[in-house]
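Accompanying notes for the structure given below.
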Amino acid sequence: MQQLIYLEIPVSDTESVKDWLQHRFEPKTIESIGEKAITPDGFLVRSSGERELCVFVWSLQRTTYLKAFRWSDAPVDGEEQILQQLTQQIRVAFPYEYPEPPVITAELADRSIFELLADRYPLTVKYFQKFPNGEYDLNRAYWWEKRWRESVRNPQQPQQVIRSQVAGESAQESAPSSIPDYDLVYLGGALGVIHAAIMAKLGYRVCLIERLHFGRMNREWNISRSELEVLVSCGLLTQPELESLIQCEYVDGFNKFFDGNNPANAIAPILHTPTVLNLALDTSKLLQLCGDKLRQAGGKIIDQTEFERAEIGDRSVTVIARQGGEQIAIAARLLIDAMGSASSIAQQINYGMAFDSVCPTVGAVLDGLEPGVWDANFGDVLFSHGDISRGRQLIWELFPGAGSEVAVYLFHYHEVNKANPGSLLEMYEDFFSILPEYRRCDLDRLVWKKATFGYIPGQFSLNAGDRSCPFDRLLSIGDAAAMQSPLVFTGFGSLVRNLPRLTNLLDTALKHDLLTVRDLSSINAFQSNVAVTWLFSKGMMVPTGKHLPPERINSMLNTFFGVMTTETSDVSDRFIKDRLGWMMFNRMALKAAFINPSIIPWILEMAGIGDLLKWLVSYFRFTWDAIANFLLGRWLPRYLRKLQGSIEPRNPRLWLKLLSWSYALNYSIGKPESTPSTPSQVETSL
């Protein structure tokens, strides 16, 4: 028996594909070569010498898959022509489609979101009705997807929400106040409140504006203990407060990708990552605790308030927002955009196309999985149970939570495309349909605690300047800056890992009023070692409309993760936590190419020449940074700290640049722990 073809048919109605194969597909050469016979799942072609060609389909992940086998060593008469015709015709009959959510017009606005979406997304509507805030959350998911689609499809027409004051404007025409109310205004209360609370404890006047009820999150956060300790070392939390946030600490995390159809050199054992994302946090409690710290330090939180625009003047920036039916204006020295992937500021400053990759992510916090289906001591960091599904490689995450709760996510890596922006609602229909395939369970017996969803964006950056804001007095952090790990796309982890340098650099800039575009470009979370691993995530995205072998992405993932199983546990830990060094990266890349030489043409096929050339620029930058670190990293940052007292008072702008460079010297090759911290007001006050 020999497998001849393996195809992904991007439809969930397998019966329609089976009917087409059995009754509508007639190879042009069938009369001259043999007989077509219908089978329960497809058809057979019999030719002389008892040779048979068997074609059949099956369903998995709301997707239809097709294979053709030959039941003999010798080819069936006309075999090649039959398979070519089958491949061509079935792709015409069942093309890729990218469904749009129904349009909710003003006339339909008074109807329930459940009623409006029931026909298109029946399982999503059924199980969202079981969530405590299901109608509210489904409304949010719908409007978030609508807003995301509009931002992707109209990149040249973003809303102009940031405006610089024109020289010569009168005082009445220019909104910015000469005496700002605050030093910092943060837009966005999730990642924003963590950084805002730290800056408030440093003595700055801080205001945070949140569009929703403050403290409400539509994602859970997982992180490792070593990373979370940063919140203690920077003075934000005490050790007992940190411990109170941990809902669960599991023993081990698994990484495994489906390999049932992979070639032998692309099959890998489970990769164990016991110290990656192994702490489940009480996100609501963390946000509330940071909110309390912010208020205790004199800061202010204004929630249920929609940002409308900001006007930037010579001495301040004024934020115009709407609270209920009333418009309010708040002046500050600096505006921080922490609004995440839905940021209208990010859309404007990047000409509407704020991100070039994204992870559409859906999931739930649930209870009721039976013993044996899951174990609270273990989590799935990255897991797939099938091949490419309707143009996406679906990946699961599962993290134990409080008590017997578990947080489950389904996502895929996606290249942003106007015809195919990526759909949360389609993903949710997948989630509720295939969760029992992933973990044996009866959905109706589960307890649905919370819906979790969002677009987690990413941006390929050649250097730190790629993500600089083109306005004075404006800075982006977190998902709004698209500075995440290319592998796990965790904005929270990226922010926490970079808190020391972001805080110290921003503190320096504020102390000396260095708030121009040129100055603020020194404050960022760029790492050349992260940029060079961007090609890894690129290889996990199915280009829109392109037919790849269904097993292709699982084969690539198993190749790389198989290499990591041959290394020490420290290697996978550093890789996933953005701490990969130059030698480590090259050793793993060479190993992967040696084990599976096909991986190079695979990446070239998926990324294209243009992206590969961009990656080479990143690689040379990474190499240069590694050389600089080898020569200077051990001693220069410490030497610069000794010179701070003489440089900073005389030339604060030079000191800011030197401080930024000293951080980048070690961060860019995965050694943040090698960079000495600058003493802060927080540390001296504790």
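In the structure tokens, the first chain shown is A, the next is B, and so on; residue numbers restart at 1 for each chain, and ligands run from 1 in the order shown.
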Give me the residues of range 393-477 of chain A that have any atom at most 12 Å from an atom of range 553-570 of chain A; for each, the nearest atom pair and the distance in Å, rounded to one decimal. Use only C-alpha atoms, sort by chain and number, and format it as a Markdown table.
```
| residue | atom | partner | partner_atom | distance |
| --- | --- | --- | --- | --- |
| A:Gln393 | CA | A:Ile553 | CA | 7.0 |
| A:Leu394 | CA | A:Asn554 | CA | 10.0 |
| A:Ile395 | CA | A:Asn554 | CA | 10.0 |
| A:His412 | CA | A:Ile553 | CA | 11.2 |
| A:Tyr413 | CA | A:Ile553 | CA | 10.7 |
```
Using only C-alpha atoms, which residues sit within 9 Å of range 254-261 of chain A once same-chain residues fewer than 4 positions away are excluded, as a short mmCIF file (atom, residue, chain, number, x, y, z; two decimals) with all heavy atoms, in the first residue's frame?
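Final output, saved to result_5.cif:
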```
data_model
loop_
_atom_site.label_atom_id
_atom_site.label_comp_id
_atom_site.auth_asym_id
_atom_site.auth_seq_id
_atom_site.Cartn_x
_atom_site.Cartn_y
_atom_site.Cartn_z
N TYR A 6 -2.38 13.62 -0.28
CA TYR A 6 -3.04 13.98 0.98
C TYR A 6 -3.44 15.45 0.85
O TYR A 6 -2.57 16.31 0.66
CB TYR A 6 -2.08 13.76 2.16
CG TYR A 6 -2.59 14.22 3.51
CD1 TYR A 6 -3.93 14.17 3.86
CD2 TYR A 6 -1.68 14.69 4.47
CE1 TYR A 6 -4.36 14.58 5.11
CE2 TYR A 6 -2.09 15.10 5.72
CZ TYR A 6 -3.44 15.05 6.04
OH TYR A 6 -3.87 15.47 7.27
N ALA A 266 10.60 14.31 10.78
CA ALA A 266 9.84 15.43 11.36
C ALA A 266 8.86 14.93 12.41
O ALA A 266 7.78 15.48 12.60
CB ALA A 266 9.10 16.19 10.26
N ILE A 267 9.26 13.86 13.09
CA ILE A 267 8.48 13.33 14.23
C ILE A 267 9.32 13.54 15.48
O ILE A 267 10.51 13.21 15.50
CB ILE A 267 8.16 11.85 14.02
CG1 ILE A 267 7.23 11.67 12.81
CG2 ILE A 267 7.52 11.25 15.28
CD1 ILE A 267 6.93 10.23 12.46
N ALA A 268 8.71 14.12 16.49
CA ALA A 268 9.48 14.48 17.69
C ALA A 268 8.77 14.02 18.95
O ALA A 268 7.53 13.94 18.98
CB ALA A 268 9.69 16.00 17.74
N PRO A 269 9.52 13.74 20.00
CA PRO A 269 8.90 13.44 21.29
C PRO A 269 8.35 14.70 21.93
O PRO A 269 8.55 15.81 21.44
CB PRO A 269 10.07 12.86 22.10
CG PRO A 269 11.29 13.50 21.51
CD PRO A 269 11.00 13.66 20.04
N ILE A 270 7.67 14.53 23.04
CA ILE A 270 7.13 15.67 23.79
C ILE A 270 8.29 16.51 24.32
O ILE A 270 9.27 15.98 24.85
CB ILE A 270 6.26 15.19 24.95
CG1 ILE A 270 4.99 14.50 24.42
CG2 ILE A 270 5.88 16.35 25.88
CD1 ILE A 270 4.15 13.85 25.50
N LEU A 271 8.17 17.82 24.16
CA LEU A 271 9.13 18.74 24.77
C LEU A 271 8.55 19.18 26.11
O LEU A 271 7.45 19.73 26.17
CB LEU A 271 9.36 19.95 23.87
CG LEU A 271 10.21 21.07 24.48
CD1 LEU A 271 11.65 20.59 24.69
CD2 LEU A 271 10.20 22.32 23.60
N HIS A 272 9.29 18.94 27.18
CA HIS A 272 8.85 19.32 28.53
C HIS A 272 9.42 20.70 28.87
O HIS A 272 10.62 20.93 28.78
CB HIS A 272 9.34 18.29 29.55
CG HIS A 272 8.76 16.93 29.34
ND1 HIS A 272 7.62 16.50 29.98
CD2 HIS A 272 9.15 15.90 28.54
CE1 HIS A 272 7.34 15.26 29.61
NE2 HIS A 272 8.25 14.88 28.72
N THR A 273 8.54 21.61 29.29
CA THR A 273 8.96 22.96 29.69
C THR A 273 8.33 23.28 31.05
O THR A 273 7.35 24.02 31.15
CB THR A 273 8.53 24.01 28.65
OG1 THR A 273 7.12 23.87 28.37
CG2 THR A 273 9.31 23.84 27.36
N PRO A 274 8.90 22.74 32.12
CA PRO A 274 8.28 22.89 33.45
C PRO A 274 8.33 24.31 34.00
O PRO A 274 7.59 24.62 34.94
CB PRO A 274 9.10 21.93 34.32
CG PRO A 274 10.40 21.79 33.61
CD PRO A 274 10.08 21.87 32.16
N PHE A 378 -0.32 19.39 35.28
CA PHE A 378 0.27 19.50 33.95
C PHE A 378 -0.53 20.47 33.08
O PHE A 378 -1.75 20.58 33.21
CB PHE A 378 0.34 18.13 33.28
CG PHE A 378 1.05 17.09 34.10
CD1 PHE A 378 0.33 16.15 34.82
CD2 PHE A 378 2.43 17.08 34.17
CE1 PHE A 378 0.98 15.20 35.59
CE2 PHE A 378 3.09 16.14 34.94
CZ PHE A 378 2.37 15.20 35.65
N GLY A 379 0.19 21.13 32.17
CA GLY A 379 -0.45 22.02 31.23
C GLY A 379 0.05 21.76 29.82
O GLY A 379 1.09 21.12 29.63
N ASP A 380 -0.68 22.23 28.84
CA ASP A 380 -0.23 22.20 27.45
C ASP A 380 0.19 23.61 27.07
O ASP A 380 -0.63 24.52 27.03
CB ASP A 380 -1.36 21.75 26.52
CG ASP A 380 -1.62 20.25 26.59
OD1 ASP A 380 -0.71 19.53 27.05
OD2 ASP A 380 -2.72 19.82 26.20
N VAL A 381 1.47 23.79 26.81
CA VAL A 381 1.97 25.10 26.39
C VAL A 381 1.66 25.33 24.92
O VAL A 381 1.14 26.38 24.53
CB VAL A 381 3.48 25.22 26.67
CG1 VAL A 381 4.01 26.57 26.21
CG2 VAL A 381 3.76 25.03 28.16
N LEU A 382 1.97 24.35 24.09
CA LEU A 382 1.65 24.39 22.66
C LEU A 382 1.31 22.96 22.23
O LEU A 382 2.11 22.05 22.45
CB LEU A 382 2.83 24.92 21.83
CG LEU A 382 3.23 26.39 22.07
CD1 LEU A 382 4.58 26.68 21.44
CD2 LEU A 382 2.17 27.34 21.52
N PHE A 383 0.13 22.78 21.60
CA PHE A 383 -0.32 21.43 21.26
C PHE A 383 -1.22 21.51 20.04
O PHE A 383 -2.07 22.40 19.94
CB PHE A 383 -1.08 20.82 22.44
CG PHE A 383 -1.56 19.41 22.19
CD1 PHE A 383 -0.79 18.33 22.58
CD2 PHE A 383 -2.77 19.16 21.56
CE1 PHE A 383 -1.22 17.04 22.34
CE2 PHE A 383 -3.21 17.87 21.33
CZ PHE A 383 -2.43 16.80 21.73
N SER A 384 -1.03 20.59 19.10
CA SER A 384 -1.97 20.48 17.98
C SER A 384 -2.44 19.04 17.87
O SER A 384 -1.67 18.11 18.14
CB SER A 384 -1.32 20.93 16.66
OG SER A 384 -0.27 20.06 16.27
N HIS A 385 -3.70 18.84 17.48
CA HIS A 385 -4.22 17.48 17.35
C HIS A 385 -4.63 17.17 15.91
O HIS A 385 -5.27 16.15 15.66
CB HIS A 385 -5.40 17.25 18.31
CG HIS A 385 -6.71 17.79 17.84
ND1 HIS A 385 -7.08 19.10 18.04
CD2 HIS A 385 -7.74 17.20 17.17
CE1 HIS A 385 -8.29 19.29 17.54
NE2 HIS A 385 -8.71 18.16 17.00
N GLY A 386 -4.23 18.02 14.97
CA GLY A 386 -4.53 17.78 13.57
C GLY A 386 -3.67 18.67 12.69
O GLY A 386 -2.90 19.51 13.18
N ASP A 387 -3.81 18.49 11.38
CA ASP A 387 -3.02 19.24 10.43
C ASP A 387 -3.73 20.55 10.05
O ASP A 387 -4.68 20.96 10.71
CB ASP A 387 -2.75 18.37 9.19
CG ASP A 387 -1.78 17.22 9.49
OD1 ASP A 387 -0.86 17.44 10.31
OD2 ASP A 387 -1.96 16.13 8.93
N ILE A 395 -3.78 25.61 17.09
CA ILE A 395 -2.93 25.22 18.21
C ILE A 395 -3.67 25.46 19.51
O ILE A 395 -4.34 26.49 19.67
CB ILE A 395 -1.60 26.00 18.19
CG1 ILE A 395 -0.82 25.69 16.90
CG2 ILE A 395 -0.74 25.67 19.40
CD1 ILE A 395 0.44 26.49 16.73
N PRO A 550 -0.99 19.41 3.98
CA PRO A 550 -1.63 19.61 5.29
C PRO A 550 -0.70 19.43 6.48
O PRO A 550 -0.87 20.07 7.52
CB PRO A 550 -2.76 18.57 5.29
CG PRO A 550 -3.05 18.33 3.86
CD PRO A 550 -1.74 18.47 3.15
N GLU A 551 0.29 18.55 6.34
CA GLU A 551 1.18 18.26 7.47
C GLU A 551 2.36 19.22 7.56
O GLU A 551 3.16 19.12 8.49
CB GLU A 551 1.72 16.82 7.35
CG GLU A 551 2.80 16.62 6.30
CD GLU A 551 2.29 16.51 4.88
OE1 GLU A 551 1.07 16.67 4.66
OE2 GLU A 551 3.11 16.24 3.96
N ASN A 554 3.02 21.29 10.98
CA ASN A 554 3.35 20.35 12.05
C ASN A 554 4.74 19.75 11.85
O ASN A 554 5.48 19.51 12.81
CB ASN A 554 2.31 19.24 12.12
CG ASN A 554 1.08 19.64 12.90
OD1 ASN A 554 1.17 20.37 13.89
ND2 ASN A 554 -0.09 19.19 12.46
N SER A 555 5.13 19.51 10.61
CA SER A 555 6.46 18.97 10.33
C SER A 555 7.54 19.97 10.72
O SER A 555 8.57 19.60 11.30
CB SER A 555 6.58 18.62 8.85
OG SER A 555 5.71 17.56 8.49
N LEU A 557 7.24 22.45 12.93
CA LEU A 557 7.24 22.61 14.38
C LEU A 557 7.92 21.44 15.07
O LEU A 557 8.71 21.62 16.00
CB LEU A 557 5.80 22.76 14.89
CG LEU A 557 5.11 24.09 14.55
CD1 LEU A 557 3.62 24.01 14.86
CD2 LEU A 557 5.74 25.23 15.32
N ASN A 558 7.62 20.24 14.62
CA ASN A 558 8.24 19.07 15.22
C ASN A 558 9.74 19.04 14.98
O ASN A 558 10.50 18.55 15.81
CB ASN A 558 7.59 17.80 14.68
CG ASN A 558 6.34 17.42 15.45
OD1 ASN A 558 6.37 17.25 16.66
ND2 ASN A 558 5.22 17.33 14.75
N PHE A 561 11.12 21.74 17.53
CA PHE A 561 10.93 21.32 18.91
C PHE A 561 11.65 20.00 19.18
O PHE A 561 12.07 19.73 20.31
CB PHE A 561 9.44 21.22 19.24
CG PHE A 561 8.83 22.54 19.61
CD1 PHE A 561 8.64 23.53 18.66
CD2 PHE A 561 8.47 22.82 20.91
CE1 PHE A 561 8.11 24.75 18.98
CE2 PHE A 561 7.92 24.04 21.26
CZ PHE A 561 7.75 25.02 20.29
#
```
Write out as an NGL selection string the residues lying within 10 Å of His547 in chain A, counting only C-alpha atoms and excluding same-chain residues fewer than 5 positions away. :A and (7-10 or 91 or 95-96 or 388 or 390-391 or 542)
Print the selection's residues with N, CA and C atoms to a file, as a PDB file, in the first residue's frame.
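To be explicit, this is the file written out as part_15.pdb:
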```
ATOM      1  N   LEU A   7      -4.733  15.731   0.890  1.00  0.00           N
ATOM      2  CA  LEU A   7      -5.236  17.077   0.653  1.00  0.00           C
ATOM      3  C   LEU A   7      -6.120  17.536   1.801  1.00  0.00           C
ATOM      4  N   GLU A   8      -6.053  18.818   2.074  1.00  0.00           N
ATOM      5  CA  GLU A   8      -7.005  19.476   2.980  1.00  0.00           C
ATOM      6  C   GLU A   8      -8.101  20.109   2.127  1.00  0.00           C
ATOM      7  N   ILE A   9      -9.353  19.759   2.409  1.00  0.00           N
ATOM      8  CA  ILE A   9     -10.497  20.343   1.703  1.00  0.00           C
ATOM      9  C   ILE A   9     -11.160  21.313   2.682  1.00  0.00           C
ATOM     10  N   PRO A  10     -11.123  22.622   2.420  1.00  0.00           N
ATOM     11  CA  PRO A  10     -11.502  23.606   3.450  1.00  0.00           C
ATOM     12  C   PRO A  10     -13.005  23.784   3.649  1.00  0.00           C
ATOM     13  N   ARG A  91     -10.309  21.520  -5.849  1.00  0.00           N
ATOM     14  CA  ARG A  91      -9.989  22.851  -5.343  1.00  0.00           C
ATOM     15  C   ARG A  91     -10.858  23.917  -5.985  1.00  0.00           C
ATOM     16  N   PRO A  95     -13.288  25.829  -2.862  1.00  0.00           N
ATOM     17  CA  PRO A  95     -12.190  26.787  -2.671  1.00  0.00           C
ATOM     18  C   PRO A  95     -12.126  27.290  -1.239  1.00  0.00           C
ATOM     19  N   TYR A  96     -11.017  27.952  -0.906  1.00  0.00           N
ATOM     20  CA  TYR A  96     -10.949  28.635   0.382  1.00  0.00           C
ATOM     21  C   TYR A  96     -11.982  29.739   0.426  1.00  0.00           C
ATOM     22  N   ILE A 388      -3.242  21.201   8.994  1.00  0.00           N
ATOM     23  CA  ILE A 388      -3.800  22.495   8.570  1.00  0.00           C
ATOM     24  C   ILE A 388      -5.305  22.366   8.379  1.00  0.00           C
ATOM     25  N   ARG A 390      -8.634  24.408   7.178  1.00  0.00           N
ATOM     26  CA  ARG A 390      -9.238  25.548   6.471  1.00  0.00           C
ATOM     27  C   ARG A 390      -8.263  26.726   6.397  1.00  0.00           C
ATOM     28  N   GLY A 391      -7.032  26.414   6.014  1.00  0.00           N
ATOM     29  CA  GLY A 391      -6.025  27.447   5.822  1.00  0.00           C
ATOM     30  C   GLY A 391      -5.368  27.945   7.082  1.00  0.00           C
ATOM     31  N   VAL A 542      -0.106  30.035   7.312  1.00  0.00           N
ATOM     32  CA  VAL A 542      -0.472  29.599   5.967  1.00  0.00           C
ATOM     33  C   VAL A 542      -0.826  30.845   5.156  1.00  0.00           C
TER      34      VAL A 542
END
```
Which value, in Å to one decimal, gives the distance between CA of Asn278 in chain A and CA of Val496 in chain A? 15.2 Å
Would you list, as a PyMOL selection string, the residues of range 222-466 of chain A that end up in strand (DSSP E) under DSSP run on this structure's backbone? chain A and resi 222-223+246-249+252-256+271-272+279-281+300-302+305-312+317-323+326-337+357-367+378-383+395-400+406-411+414-415+447-458
Quick one: which range 540-583 of chain A residues come within 12 Å of range 355-363 of chain A, and what is the nearest atom pair for each with the distance in Å to one decimal, counting only C-alpha atoms, rows ordered by chain and ascending number, as CSV?
```
residue,atom,partner,partner_atom,distance
A:Met540,CA,A:Cys359,CA,10.8
A:Met541,CA,A:Ser357,CA,8.8
A:Val542,CA,A:Ser357,CA,11.4
A:Pro543,CA,A:Ser357,CA,11.2
```
Only all heavy atoms, please: the residues just picked out, written as an mmCIF file, in the first residue's frame.
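File produced: out33.cif:
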```
data_model
loop_
_atom_site.group_PDB
_atom_site.id
_atom_site.type_symbol
_atom_site.label_atom_id
_atom_site.label_comp_id
_atom_site.auth_asym_id
_atom_site.auth_seq_id
_atom_site.Cartn_x
_atom_site.Cartn_y
_atom_site.Cartn_z
ATOM 1 N N MET A 540 4.844 29.437 10.543
ATOM 2 C CA MET A 540 3.657 28.808 11.115
ATOM 3 C C MET A 540 2.377 29.417 10.560
ATOM 4 O O MET A 540 1.283 29.087 10.999
ATOM 5 C CB MET A 540 3.699 28.949 12.642
ATOM 6 C CG MET A 540 4.897 28.243 13.253
ATOM 7 S SD MET A 540 5.272 28.756 14.934
ATOM 8 C CE MET A 540 3.955 27.965 15.822
ATOM 9 N N MET A 541 2.512 30.321 9.589
ATOM 10 C CA MET A 541 1.358 30.996 8.992
ATOM 11 C C MET A 541 1.112 30.453 7.594
ATOM 12 O O MET A 541 2.021 30.422 6.769
ATOM 13 C CB MET A 541 1.606 32.506 8.911
ATOM 14 C CG MET A 541 1.962 33.166 10.216
ATOM 15 S SD MET A 541 2.427 34.897 9.954
ATOM 16 C CE MET A 541 3.162 35.268 11.548
ATOM 17 N N VAL A 542 -0.106 30.035 7.312
ATOM 18 C CA VAL A 542 -0.472 29.599 5.967
ATOM 19 C C VAL A 542 -0.826 30.845 5.156
ATOM 20 O O VAL A 542 -1.757 31.557 5.502
ATOM 21 C CB VAL A 542 -1.670 28.644 5.997
ATOM 22 C CG1 VAL A 542 -2.005 28.175 4.578
ATOM 23 C CG2 VAL A 542 -1.383 27.451 6.899
ATOM 24 N N PRO A 543 -0.076 31.148 4.096
ATOM 25 C CA PRO A 543 -0.422 32.327 3.290
ATOM 26 C C PRO A 543 -1.846 32.217 2.753
ATOM 27 O O PRO A 543 -2.276 31.136 2.330
ATOM 28 C CB PRO A 543 0.616 32.282 2.153
ATOM 29 C CG PRO A 543 1.763 31.498 2.706
ATOM 30 C CD PRO A 543 1.139 30.477 3.603
#
```
Just how far from CA of His195 in chain A is CA of Ala329 in chain A, in Å to one decimal?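 Separating CA of Ala329 in chain A from CA of His195 in chain A is a distance of 22.1 Å.
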Skip Asn133 in chain A itself and residues of its chain fewer than 4 positions away, then list as a tab-separated table (two decimals) with all heavy atoms, in the first residue's frame all residues within 12 Å of it, counting only C-alpha atoms.
```
chain	number	residue	atom	x	y	z
A	127	TYR	N	-23.25	28.13	23.72
A	127	TYR	CA	-22.41	28.05	24.91
A	127	TYR	C	-22.09	29.42	25.50
A	127	TYR	O	-21.80	29.50	26.70
A	127	TYR	CB	-21.16	27.23	24.60
A	127	TYR	CG	-21.51	25.78	24.39
A	127	TYR	CD1	-21.52	25.22	23.12
A	127	TYR	CD2	-21.92	24.98	25.46
A	127	TYR	CE1	-21.89	23.89	22.92
A	127	TYR	CE2	-22.29	23.66	25.28
A	127	TYR	CZ	-22.28	23.13	24.01
A	127	TYR	OH	-22.67	21.82	23.82
A	128	PHE	N	-22.16	30.48	24.73
A	128	PHE	CA	-22.02	31.80	25.33
A	128	PHE	C	-23.19	32.10	26.25
A	128	PHE	O	-23.05	32.88	27.20
A	128	PHE	CB	-21.89	32.88	24.25
A	128	PHE	CG	-20.48	33.32	24.00
A	128	PHE	CD1	-19.65	32.59	23.17
A	128	PHE	CD2	-19.95	34.44	24.63
A	128	PHE	CE1	-18.34	32.98	22.95
A	128	PHE	CE2	-18.64	34.84	24.42
A	128	PHE	CZ	-17.83	34.10	23.57
A	129	GLN	N	-24.32	31.51	25.99
A	129	GLN	CA	-25.47	31.70	26.89
A	129	GLN	C	-25.24	31.05	28.25
A	129	GLN	O	-25.94	31.36	29.21
A	129	GLN	CB	-26.74	31.15	26.24
A	129	GLN	CG	-27.18	31.95	25.03
A	129	GLN	CD	-28.47	31.42	24.42
A	129	GLN	OE1	-29.56	31.62	24.96
A	129	GLN	NE2	-28.36	30.74	23.29
A	137	ASP	N	-20.16	39.57	26.62
A	137	ASP	CA	-18.88	39.15	26.04
A	137	ASP	C	-19.01	38.83	24.56
A	137	ASP	O	-18.10	39.13	23.77
A	137	ASP	CB	-18.34	37.94	26.79
A	137	ASP	CG	-17.78	38.30	28.15
A	137	ASP	OD1	-17.42	39.48	28.34
A	137	ASP	OD2	-17.69	37.43	29.02
A	138	LEU	N	-20.11	38.23	24.14
A	138	LEU	CA	-20.28	37.93	22.72
A	138	LEU	C	-20.44	39.22	21.92
A	138	LEU	O	-19.94	39.33	20.79
A	138	LEU	CB	-21.49	37.02	22.50
A	138	LEU	CG	-21.67	36.48	21.07
A	138	LEU	CD1	-20.41	35.79	20.58
A	138	LEU	CD2	-22.86	35.54	20.99
A	139	ASN	N	-21.11	40.20	22.50
A	139	ASN	CA	-21.17	41.52	21.87
A	139	ASN	C	-19.77	42.09	21.68
A	139	ASN	O	-19.44	42.63	20.62
A	139	ASN	CB	-22.01	42.47	22.72
A	139	ASN	CG	-23.42	42.63	22.18
A	139	ASN	OD1	-23.63	42.99	21.03
A	139	ASN	ND2	-24.40	42.34	23.04
A	140	ARG	N	-18.94	41.98	22.71
A	140	ARG	CA	-17.57	42.49	22.62
A	140	ARG	C	-16.77	41.76	21.56
A	140	ARG	O	-16.02	42.38	20.79
A	140	ARG	CB	-16.88	42.34	23.98
A	140	ARG	CG	-17.38	43.30	25.05
A	140	ARG	CD	-16.55	43.18	26.30
A	140	ARG	NE	-15.16	43.56	26.04
A	140	ARG	CZ	-14.13	43.18	26.79
A	140	ARG	NH1	-14.32	42.37	27.81
A	140	ARG	NH2	-12.91	43.58	26.50
A	216	ARG	N	-11.65	44.48	34.41
A	216	ARG	CA	-12.24	43.37	33.66
A	216	ARG	C	-11.31	42.96	32.52
A	216	ARG	O	-10.87	43.80	31.75
A	216	ARG	CB	-13.61	43.75	33.12
A	216	ARG	CG	-14.27	42.62	32.34
A	216	ARG	CD	-15.75	42.84	32.14
A	216	ARG	NE	-16.36	41.78	31.37
A	216	ARG	CZ	-16.66	40.57	31.84
A	216	ARG	NH1	-16.41	40.30	33.10
A	216	ARG	NH2	-17.21	39.65	31.07
A	218	ASN	N	-10.45	40.04	29.30
A	218	ASN	CA	-10.96	38.94	28.47
A	218	ASN	C	-9.86	37.95	28.12
A	218	ASN	O	-9.96	37.21	27.17
A	218	ASN	CB	-11.62	39.47	27.19
A	218	ASN	CG	-10.69	40.40	26.42
A	218	ASN	OD1	-9.50	40.44	26.67
A	218	ASN	ND2	-11.25	41.15	25.50
A	448	TRP	N	-19.13	26.72	32.43
A	448	TRP	CA	-18.45	27.76	31.66
A	448	TRP	C	-18.34	29.02	32.52
A	448	TRP	O	-19.33	29.67	32.82
A	448	TRP	CB	-19.22	28.04	30.37
A	448	TRP	CG	-19.33	26.81	29.52
A	448	TRP	CD1	-20.35	25.90	29.52
A	448	TRP	CD2	-18.36	26.32	28.60
A	448	TRP	NE1	-20.09	24.88	28.64
A	448	TRP	CE2	-18.88	25.11	28.06
A	448	TRP	CE3	-17.12	26.77	28.17
A	448	TRP	CZ2	-18.18	24.35	27.11
A	448	TRP	CZ3	-16.43	26.03	27.23
A	448	TRP	CH2	-16.95	24.84	26.71
A	449	LYS	N	-17.12	29.36	32.93
A	449	LYS	CA	-16.90	30.44	33.88
A	449	LYS	C	-16.66	31.80	33.21
A	449	LYS	O	-17.15	32.83	33.68
A	449	LYS	CB	-15.68	30.11	34.77
A	449	LYS	CG	-15.85	28.87	35.63
A	449	LYS	CD	-16.89	29.09	36.71
A	449	LYS	CE	-16.93	27.98	37.73
A	449	LYS	NZ	-15.80	27.98	38.66
A	450	LYS	N	-15.89	31.80	32.12
A	450	LYS	CA	-15.47	33.08	31.54
A	450	LYS	C	-15.01	32.86	30.10
A	450	LYS	O	-14.30	31.90	29.81
A	450	LYS	CB	-14.31	33.66	32.37
A	450	LYS	CG	-13.74	34.98	31.87
A	450	LYS	CD	-12.60	35.42	32.77
A	450	LYS	CE	-11.95	36.70	32.29
A	450	LYS	NZ	-10.82	37.12	33.15
A	451	ALA	N	-15.42	33.76	29.22
A	451	ALA	CA	-14.94	33.73	27.83
A	451	ALA	C	-13.64	34.53	27.73
A	451	ALA	O	-13.51	35.60	28.33
A	451	ALA	CB	-15.99	34.32	26.90
A	452	THR	N	-12.68	34.01	26.98
A	452	THR	CA	-11.39	34.69	26.81
A	452	THR	C	-11.10	34.76	25.32
A	452	THR	O	-11.14	33.75	24.61
A	452	THR	CB	-10.27	33.91	27.52
A	452	THR	OG1	-10.23	32.58	27.02
A	452	THR	CG2	-10.50	33.86	29.02
```
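Note that CA of Pro40 in chain A and CA of Trp71 in chain A are 17.2 Å apart.
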Within 12 Å of Asp19 in chain A using only C-alpha atoms, minus same-chain residues under 3 positions, as a PyMOL selection string: chain A and resi 13-16+22-25+38-43+56-57+90+93
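Using only C-alpha atoms, the residues found no farther than 8 Å from Ile312 in chain A, other than those of its own chain fewer than 3 positions away, are Ile162, Arg163, Ser164, Gln165, Pro176, Ser316, Val317, Thr318, Phe471, Asp472 and Arg473 of chain A.
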Write out as a PyMOL selection string the set of residues from range 512-592 of chain A that DSSP, computed on the backbone, places in helix (DSSP H, G or I). chain A and resi 517-520+528-532+534-538+552-565+569-576+582-592
Pick the closest to Asp367 in chain A from A:Thr275, A:Phe131, A:Ile223, A:Trp534: which is it, counting only C-alpha atoms?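 For Asp367 in chain A, the nearest of the given residues is A:Phe131.
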